[in-house]
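Asker: Mind looking over this structure? Questions follow.
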Amino acid sequence: MISKTNARPWWEASVIYQIYPRSFKDSNGDGIGDLRGIAEKLPYLADTLGVDTIWISPFFTSPMKDFGYDVADFQDCDPIFGTLAEAERLIESIHDRGMRVIFDYVSNHSSDRHEWFLDSRSSRESAKRDWYFWRDPGPDGGPPNNWLSVFGGPAWTFDEATGQYYLHSFLASQPDLNWRNPELREAMHGVLKFWMDRGVDGFRIDAAHFVGKDEELRDNPPAPPGSLHMHRPMGEYDHQLHVYDKGTAFAHEVYQDIRAFVDRHSSPGQERLMIGEMHIYDWDEWASYFGPTLNEFHLPYNFGLLKAAWNAGEIRSLIETIESVVPADAWPNWVIGNHDEQRVASRLGPAGARAAMTLLLTLRGTPTIYYGDELGMPDAVVPAERLQDPWGLQMPELNISRDPQRSPMLWEVVENGAFTDEDAESWLPVVDASKYSVEAQIDDPDSMLCLTRELLALRKQRPSLQTGSLRLLDGLPESCLGFLREEAGERTVVLVSFSDAILDISLDLGDAAKVLLTTVADPSDAFQDGNFRLRPSEAIVAAL
């Protein structure tokens, strides 16, 4: 069982591993991953790989219009994934292995099949009418304001039966919840308590800043050139400056309230973690979600590495900025992939993916690994007839389907990678199991899986890589990034090359170095005569 080993919060030294349950392991041959499949692979996660915290994306009751992010019952398990009893057993099994578990919490919206919305929609006099956003048509008979849906088109849908529009920031089948209603707020707090009572160690809160809507629902202004948006082309959505439909001061009120509620249900050794998903690249605004007295998110997710150009200058600038804006006594975090983003191996190539994993697992802060990135999985090729992502299907001209990065995890060198039964069709196409399965890489010392395992083991062995300070190194070639991690007298240096050429680097750090790990197969000449030699795209971790 889990026990507290020091005075620091457990997540500061932790590594989070994200599981997209549809795509991790199918236990019943229907082509869709499930909770029993996750339970079956806990030995891989705990022992083979060596992560200590699992984040499981939504598996709650849902019509699956957005594959679980449209929740019809926040307190039950969809039959596709299993039963509530299986979810409870999974939590217990994770804890029995000394790991922790985080669940998704969809705060901004529900499914239109949720009983709350069905009641709300039934009449204007419904007691739950104000649990959602219902408004009369605008003066021209159209939507009440100019807000747009992330998934395309207006953010308002007209309901013929009651003669009003309802608000949805995403699909029309995902109506937005009104957190200004105290009864709705109490009910959503009840969801948190339901899962905390079952032992969940924390929550990753989806689309967190979308709950911060302007009380007057004012029109968004047009976006001036150079405005900060989400980091992918969004079509019409990009033409507005989204100052009233999300991210207002009210969002901070909501999450300070949630944090206080979560803290009341925590105890020494059982502190609950709050992670917030918000694609914000104004870093001062992003840092505001720690809260004015560190009373909001423990970890507002930092997606900077998903947006930054892959060169030493921009990555260094990003690290400097994050280190400067994270409040004193708060803790940073880093992400290189998730279910909404192109796979890191497809963005950066195999060598870049190895360097990126090294960077992720050695920077100061809590890292999150997306399932399959430890194998260097690339995006899958998904033919048009097998596309499923509603975002991509509704906006095909932008080519933004998230299906390629959600392809199934591969376990063995067989058809379907043993994700599902050999004669079953997986819900999405798979990549090459002869290259990207656990079986193909587990005994290959040069594989991405073995590199990731070595990095994770190194983190556990070296306190400087878990909770140590970070100092960026000066005087390096412009195509090299370097930093020093220190904790209780232990010093670890990390060097990452972004060059196609060999780089010879001399560091005036006062001690001889011992190379602990390198991303290139032969480490024999990585450090000679007081100098480091980095081959193209190589990363080196060394003890001083």
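How things are named: the first chain in the structure tokens is A, the next is B, and so on; residues count from 1 in each chain; ligands count from 1 in the order shown.
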Hey, what's within 10 Å of range 40-56 of chain A if we count only C-alpha atoms and toss same-chain stuff fewer than 5 positions away? As an MDAnalysis selection string, please?

Answerer: chainID A and resid 10:11 13:21 24:27 35 90 93:95 97:104 201:204 368:370 374 411 438 442 449:450 452:457 460

Asker: Please run DSSP on the backbone and report, as a PyMOL selection string, all residues within range 52-219 of chain A that come out as helix (DSSP H, G or I).

Answerer: chain A and resi 84-96+115-122+129-131+182-196+208-211

Asker: Using DSSP on the backbone, list every residue of range 489-521 of chain A that comes out as strand (DSSP E), and give them as a PyMOL selection string.

Answerer: chain A and resi 490-497+503-506+514-518

Asker: What would the file look like if the residues just selected were written as a compact mmCIF listing (two decimals), in the first residue's frame with N, CA and C atoms?

Answerer:
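Result file again22.txt:
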```
# COMPACT_ATOMS: atom_id res chain seq x y z
N GLU A 490 24.24 16.03 -4.51
CA GLU A 490 24.30 15.22 -5.74
C GLU A 490 24.10 16.13 -6.94
N ARG A 491 24.92 15.95 -7.97
CA ARG A 491 24.85 16.80 -9.16
C ARG A 491 24.72 15.93 -10.41
N THR A 492 23.79 16.29 -11.26
CA THR A 492 23.56 15.59 -12.52
C THR A 492 23.50 16.62 -13.64
N VAL A 493 24.26 16.38 -14.70
CA VAL A 493 24.25 17.29 -15.84
C VAL A 493 23.55 16.60 -17.01
N VAL A 494 22.74 17.36 -17.75
CA VAL A 494 22.02 16.87 -18.92
C VAL A 494 22.39 17.75 -20.10
N LEU A 495 22.78 17.13 -21.19
CA LEU A 495 23.11 17.83 -22.43
C LEU A 495 22.27 17.25 -23.56
N VAL A 496 21.69 18.12 -24.37
CA VAL A 496 20.86 17.69 -25.50
C VAL A 496 21.33 18.41 -26.75
N SER A 497 21.66 17.64 -27.76
CA SER A 497 22.08 18.22 -29.04
C SER A 497 20.89 18.34 -29.97
N LEU A 503 29.24 17.59 -31.70
CA LEU A 503 29.56 18.74 -30.86
C LEU A 503 30.51 18.31 -29.75
N ASP A 504 31.63 19.01 -29.63
CA ASP A 504 32.57 18.80 -28.52
C ASP A 504 32.36 19.91 -27.51
N ILE A 505 32.11 19.52 -26.24
CA ILE A 505 31.71 20.48 -25.22
C ILE A 505 32.57 20.31 -23.98
N SER A 506 33.13 21.41 -23.54
CA SER A 506 33.89 21.43 -22.30
C SER A 506 33.10 22.22 -21.26
N LYS A 514 30.82 11.19 -14.98
CA LYS A 514 30.57 9.79 -15.29
C LYS A 514 29.27 9.73 -16.08
N VAL A 515 29.37 9.29 -17.32
CA VAL A 515 28.19 9.21 -18.16
C VAL A 515 27.27 8.10 -17.64
N LEU A 516 26.04 8.48 -17.33
CA LEU A 516 25.05 7.53 -16.81
C LEU A 516 24.16 6.97 -17.91
N LEU A 517 23.93 7.77 -18.93
CA LEU A 517 23.00 7.37 -19.99
C LEU A 517 23.23 8.23 -21.21
N THR A 518 23.11 7.62 -22.37
CA THR A 518 23.13 8.36 -23.62
C THR A 518 22.10 7.77 -24.57
```

Asker: Could you list, as JSON, numbers by chain, every residue within 9 Å of range 307-320 of chain A, counting only C-alpha atoms and ignoring same-chain residues fewer than 4 positions away?

Answerer: {"A": [231, 232, 281, 303, 324, 325, 348, 352, 363, 472, 478, 479, 480, 481, 482, 496, 497, 498, 499]}

Asker: Just write the chosen residues, all heavy atoms, as a CSV table (one decimal), in the first residue's frame.

Answerer:
```
chain,number,residue,atom,x,y,z
A,231,HIS,N,-2.9,26.0,-30.1
A,231,HIS,CA,-1.7,26.0,-30.9
A,231,HIS,C,-1.9,25.3,-32.3
A,231,HIS,O,-0.9,25.0,-33.0
A,231,HIS,CB,-0.6,25.3,-30.2
A,231,HIS,CG,-0.9,23.9,-29.8
A,231,HIS,ND1,-1.9,23.6,-28.8
A,231,HIS,CD2,-0.5,22.7,-30.2
A,231,HIS,CE1,-2.0,22.3,-28.7
A,231,HIS,NE2,-1.1,21.7,-29.5
A,232,ARG,N,-3.1,24.9,-32.6
A,232,ARG,CA,-3.3,24.3,-33.9
A,232,ARG,C,-4.3,25.2,-34.7
A,232,ARG,O,-5.1,25.9,-34.1
A,232,ARG,CB,-3.8,22.9,-33.8
A,232,ARG,CG,-5.2,22.8,-33.3
A,232,ARG,CD,-5.7,21.4,-33.3
A,232,ARG,NE,-5.2,20.7,-32.1
A,232,ARG,CZ,-5.1,19.3,-32.1
A,232,ARG,NH1,-5.4,18.6,-33.2
A,232,ARG,NH2,-4.6,18.7,-31.1
A,281,TYR,N,-0.8,29.8,-23.6
A,281,TYR,CA,0.6,30.0,-23.9
A,281,TYR,C,1.0,31.5,-23.5
A,281,TYR,O,2.2,31.8,-23.8
A,281,TYR,CB,0.9,29.7,-25.4
A,281,TYR,CG,0.5,28.3,-25.7
A,281,TYR,CD1,-0.7,28.0,-26.3
A,281,TYR,CD2,1.3,27.3,-25.3
A,281,TYR,CE1,-1.1,26.6,-26.5
A,281,TYR,CE2,1.0,25.9,-25.5
A,281,TYR,CZ,-0.2,25.6,-26.1
A,281,TYR,OH,-0.6,24.3,-26.3
A,303,PHE,N,1.9,22.8,-21.7
A,303,PHE,CA,2.0,22.2,-23.0
A,303,PHE,C,3.0,22.9,-23.9
A,303,PHE,O,3.0,22.8,-25.1
A,303,PHE,CB,0.6,22.2,-23.7
A,303,PHE,CG,-0.4,21.4,-23.0
A,303,PHE,CD1,-1.6,22.0,-22.6
A,303,PHE,CD2,-0.2,20.1,-22.8
A,303,PHE,CE1,-2.6,21.2,-22.0
A,303,PHE,CE2,-1.2,19.3,-22.1
A,303,PHE,CZ,-2.4,19.9,-21.7
A,324,SER,N,10.7,31.0,-14.4
A,324,SER,CA,10.5,32.3,-13.9
A,324,SER,C,9.1,32.6,-13.4
A,324,SER,O,8.9,33.4,-12.5
A,324,SER,CB,10.9,33.4,-14.9
A,324,SER,OG,10.0,33.4,-16.0
A,325,VAL,N,8.1,32.0,-14.1
A,325,VAL,CA,6.7,32.3,-13.7
A,325,VAL,C,6.1,31.3,-12.7
A,325,VAL,O,5.1,31.7,-12.1
A,325,VAL,CB,5.8,32.3,-15.0
A,325,VAL,CG1,6.3,33.3,-16.0
A,325,VAL,CG2,5.7,30.9,-15.6
A,348,LEU,N,9.0,14.7,-34.4
A,348,LEU,CA,10.5,14.9,-34.2
A,348,LEU,C,11.3,13.8,-34.9
A,348,LEU,O,12.5,14.0,-35.0
A,348,LEU,CB,10.8,15.1,-32.8
A,348,LEU,CG,10.1,16.1,-32.0
A,348,LEU,CD1,10.6,16.1,-30.5
A,348,LEU,CD2,10.3,17.5,-32.6
A,352,GLY,N,14.9,12.4,-32.5
A,352,GLY,CA,14.3,13.5,-31.7
A,352,GLY,C,13.4,13.0,-30.6
A,352,GLY,O,13.4,13.6,-29.5
A,363,LEU,N,14.0,17.2,-16.7
A,363,LEU,CA,13.7,18.6,-16.4
A,363,LEU,C,13.1,18.6,-14.9
A,363,LEU,O,12.6,17.6,-14.4
A,363,LEU,CB,12.7,19.2,-17.3
A,363,LEU,CG,13.3,19.7,-18.7
A,363,LEU,CD1,12.1,20.0,-19.7
A,363,LEU,CD2,14.1,20.9,-18.5
A,472,LEU,N,20.3,26.3,-15.9
A,472,LEU,CA,20.7,26.2,-17.3
A,472,LEU,C,22.2,26.6,-17.4
A,472,LEU,O,22.7,27.5,-16.8
A,472,LEU,CB,19.8,27.1,-18.1
A,472,LEU,CG,18.4,26.7,-18.3
A,472,LEU,CD1,17.5,27.8,-18.7
A,472,LEU,CD2,18.3,25.5,-19.3
A,478,GLU,N,25.3,27.0,-29.9
A,478,GLU,CA,23.9,27.4,-30.0
A,478,GLU,C,22.9,26.3,-30.3
A,478,GLU,O,21.7,26.4,-30.1
A,478,GLU,CB,23.7,28.5,-31.1
A,478,GLU,CG,24.1,28.1,-32.5
A,478,GLU,CD,23.8,29.2,-33.5
A,478,GLU,OE1,23.7,30.3,-33.1
A,478,GLU,OE2,23.8,28.8,-34.7
A,479,SER,N,23.4,25.2,-30.8
A,479,SER,CA,22.6,24.0,-31.1
A,479,SER,C,22.6,23.0,-30.0
A,479,SER,O,22.2,21.8,-30.2
A,479,SER,CB,23.0,23.4,-32.4
A,479,SER,OG,24.4,23.0,-32.3
A,480,CYS,N,23.0,23.4,-28.8
A,480,CYS,CA,23.1,22.5,-27.6
A,480,CYS,C,22.4,23.1,-26.4
A,480,CYS,O,22.6,24.3,-26.1
A,480,CYS,CB,24.5,22.1,-27.3
A,480,CYS,SG,24.7,21.0,-25.9
A,481,LEU,N,21.6,22.3,-25.7
A,481,LEU,CA,21.0,22.7,-24.5
A,481,LEU,C,21.6,21.9,-23.3
A,481,LEU,O,21.7,20.7,-23.5
A,481,LEU,CB,19.5,22.5,-24.5
A,481,LEU,CG,18.7,22.7,-23.3
A,481,LEU,CD1,18.5,24.1,-22.9
A,481,LEU,CD2,17.3,22.0,-23.4
A,482,GLY,N,21.9,22.6,-22.2
A,482,GLY,CA,22.4,21.9,-21.1
A,482,GLY,C,21.9,22.5,-19.8
A,482,GLY,O,21.6,23.7,-19.7
A,496,VAL,N,21.7,18.1,-24.4
A,496,VAL,CA,20.9,17.7,-25.5
A,496,VAL,C,21.3,18.4,-26.7
A,496,VAL,O,21.4,19.6,-26.8
A,496,VAL,CB,19.4,18.0,-25.3
A,496,VAL,CG1,18.5,17.5,-26.4
A,496,VAL,CG2,18.9,17.4,-23.9
A,497,SER,N,21.7,17.6,-27.8
A,497,SER,CA,22.1,18.2,-29.0
A,497,SER,C,20.9,18.3,-30.0
A,497,SER,O,20.1,17.4,-30.1
A,497,SER,CB,23.1,17.3,-29.7
A,497,SER,OG,23.4,17.8,-31.0
A,498,PHE,N,20.8,19.5,-30.6
A,498,PHE,CA,19.8,19.7,-31.7
A,498,PHE,C,20.5,19.9,-33.0
A,498,PHE,O,19.9,20.4,-34.0
A,498,PHE,CB,19.0,21.0,-31.3
A,498,PHE,CG,18.2,20.9,-30.1
A,498,PHE,CD1,18.8,21.1,-28.8
A,498,PHE,CD2,16.8,20.6,-30.1
A,498,PHE,CE1,18.1,21.0,-27.7
A,498,PHE,CE2,16.1,20.5,-28.9
A,498,PHE,CZ,16.7,20.7,-27.7
A,499,SER,N,21.7,19.4,-33.1
A,499,SER,CA,22.5,19.6,-34.3
A,499,SER,C,22.6,18.3,-35.1
A,499,SER,O,22.5,17.2,-34.6
A,499,SER,CB,23.9,20.0,-33.8
A,499,SER,OG,24.8,20.1,-35.0
```

Asker: Near Thr467 in chain A, counting only C-alpha atoms, which residues have an atom at most 7 Å away, once you skip same-chain residues fewer than 3 positions from it, shown as a list in words?

Answerer: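 Result of the neighbour search: Glu12, Ala13, Arg364, Pro463 and Ser464 of chain A.
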
Asker: Could you turn the residues from that selection into a file that holds N, CA and C atoms, as a compact mmCIF listing (two decimals), in the first residue's frame?

Answerer:
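Result written to selection.txt:
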```
# COMPACT_ATOMS: atom_id res chain seq x y z
N GLU A 12 5.52 15.48 -6.70
CA GLU A 12 6.72 16.18 -7.14
C GLU A 12 7.78 15.21 -7.64
N ALA A 13 7.87 14.03 -7.06
CA ALA A 13 8.85 13.04 -7.50
C ALA A 13 8.24 11.99 -8.42
N ARG A 364 13.21 19.79 -14.33
CA ARG A 364 12.61 19.97 -13.01
C ARG A 364 11.09 20.04 -13.16
N PRO A 463 18.07 11.55 -6.51
CA PRO A 463 17.18 12.61 -6.02
C PRO A 463 17.30 13.91 -6.79
N SER A 464 18.48 14.18 -7.34
CA SER A 464 18.64 15.43 -8.11
C SER A 464 17.72 15.46 -9.31
```

Asker: I'd like to know which of A:Leu375, A:Ala543, A:Leu458, A:Ile322 is closest to Glu486 in chain A, using only C-alpha atoms.

Answerer: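 Of A:Leu375, A:Ala543, A:Leu458, A:Ile322, the one nearest Glu486 in chain A is A:Ala543, counting only C-alpha atoms.
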
Asker: Got a sec: who's within 10 Å of Thr293 in chain A, counting only C-alpha atoms, leaving out chain neighbours fewer than 6 positions off, as a PyMOL selection string?

Answerer: chain A and resi 256+327+330

Asker: Could those residues be written to a file, using C-alpha atoms, as an mmCIF file, in the first residue's frame?

Answerer:
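Generated file (again_17.cif):
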```cif
data_model
loop_
_atom_site.group_PDB
_atom_site.id
_atom_site.type_symbol
_atom_site.label_atom_id
_atom_site.label_comp_id
_atom_site.auth_asym_id
_atom_site.auth_seq_id
_atom_site.Cartn_x
_atom_site.Cartn_y
_atom_site.Cartn_z
ATOM 1 C CA GLN A 256 -10.336 27.640 -5.573
ATOM 2 C CA PRO A 327 5.432 30.732 -8.061
ATOM 3 C CA ALA A 330 4.854 25.685 -6.493
#
```

Asker: Identify, on the basis of only C-alpha atoms, every residue whose closest approach to range 258-263 of chain A does not exceed 10 Å; exclude the query and any residue fewer than 5 positions from it along the same chain; express the result as a VMD selection string.

Answerer: chain A and resid 185 188 to 190 192 to 193 196 202 to 203 252 to 253 270 to 274 291 294 to 298

Asker: Return the single residue from A:Ala72, A:Glu88, A:His239, A:Lys213 that is closest to Arg198 in chain A, with distances computed using only C-alpha atoms.

Answerer: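 Smallest separation from Arg198 in chain A among the options: A:Glu88.
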
Asker: Select from range 116-159 of chain A every residue with an atom at most 12 Å from any atom of range 384-395 of chain A, then for each give the shortest pair of atoms and their distance in Å to one decimal, using only C-alpha atoms, rows by chain and rising number, as a Markdown table.

Answerer:
```
| residue | atom | partner | partner_atom | distance |
| --- | --- | --- | --- | --- |
| A:Ser149 | CA | A:Trp391 | CA | 10.5 |
| A:Val150 | CA | A:Trp391 | CA | 8.3 |
| A:Phe151 | CA | A:Trp391 | CA | 5.3 |
| A:Gly152 | CA | A:Met395 | CA | 6.7 |
| A:Gly153 | CA | A:Gln394 | CA | 9.3 |
```

Asker: Deliver the residues from the most recent selection as a file, using C-alpha atoms, as a compact mmCIF listing (two decimals), in the first residue's frame.

Answerer:
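What ended up in again-v5.txt:
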```
# COMPACT_ATOMS: atom_id res chain seq x y z
CA SER A 149 -17.74 26.01 -30.84
CA VAL A 150 -14.20 24.61 -30.79
CA PHE A 151 -15.50 21.86 -33.06
CA GLY A 152 -16.89 24.32 -35.62
CA GLY A 153 -19.97 26.52 -36.05
```

Asker: Select from range 201-308 of chain A every residue with an atom at most 9 Å from any atom of range 336-339 of chain A, then for each give the shortest pair of atoms and their distance in Å to one decimal, using only C-alpha atoms, rows by chain and rising number, as JSON lines.

Answerer:
```
{"residue": "A:Phe303", "atom": "CA", "partner": "A:Ile336", "partner_atom": "CA", "distance": 7.4}
{"residue": "A:Gly304", "atom": "CA", "partner": "A:Ile336", "partner_atom": "CA", "distance": 8.5}
{"residue": "A:Leu305", "atom": "CA", "partner": "A:Ile336", "partner_atom": "CA", "distance": 5.8}
{"residue": "A:Leu306", "atom": "CA", "partner": "A:Ile336", "partner_atom": "CA", "distance": 5.7}
```

Asker: Once you have the residues from the selection above, write them out as a compact mmCIF listing (two decimals), in the first residue's frame, restricted to N, CA and C atoms.

Answerer:
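After the write, result34.txt holds the following:
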```txt
# COMPACT_ATOMS: atom_id res chain seq x y z
N PHE A 303 1.88 22.81 -21.68
CA PHE A 303 2.00 22.21 -23.02
C PHE A 303 3.04 22.91 -23.88
N GLY A 304 3.98 23.62 -23.26
CA GLY A 304 4.96 24.37 -24.02
C GLY A 304 5.79 23.53 -24.96
N LEU A 305 6.16 22.31 -24.54
CA LEU A 305 6.98 21.45 -25.39
C LEU A 305 6.21 20.93 -26.60
N LEU A 306 4.89 21.02 -26.57
CA LEU A 306 4.09 20.61 -27.73
C LEU A 306 4.06 21.70 -28.79
```
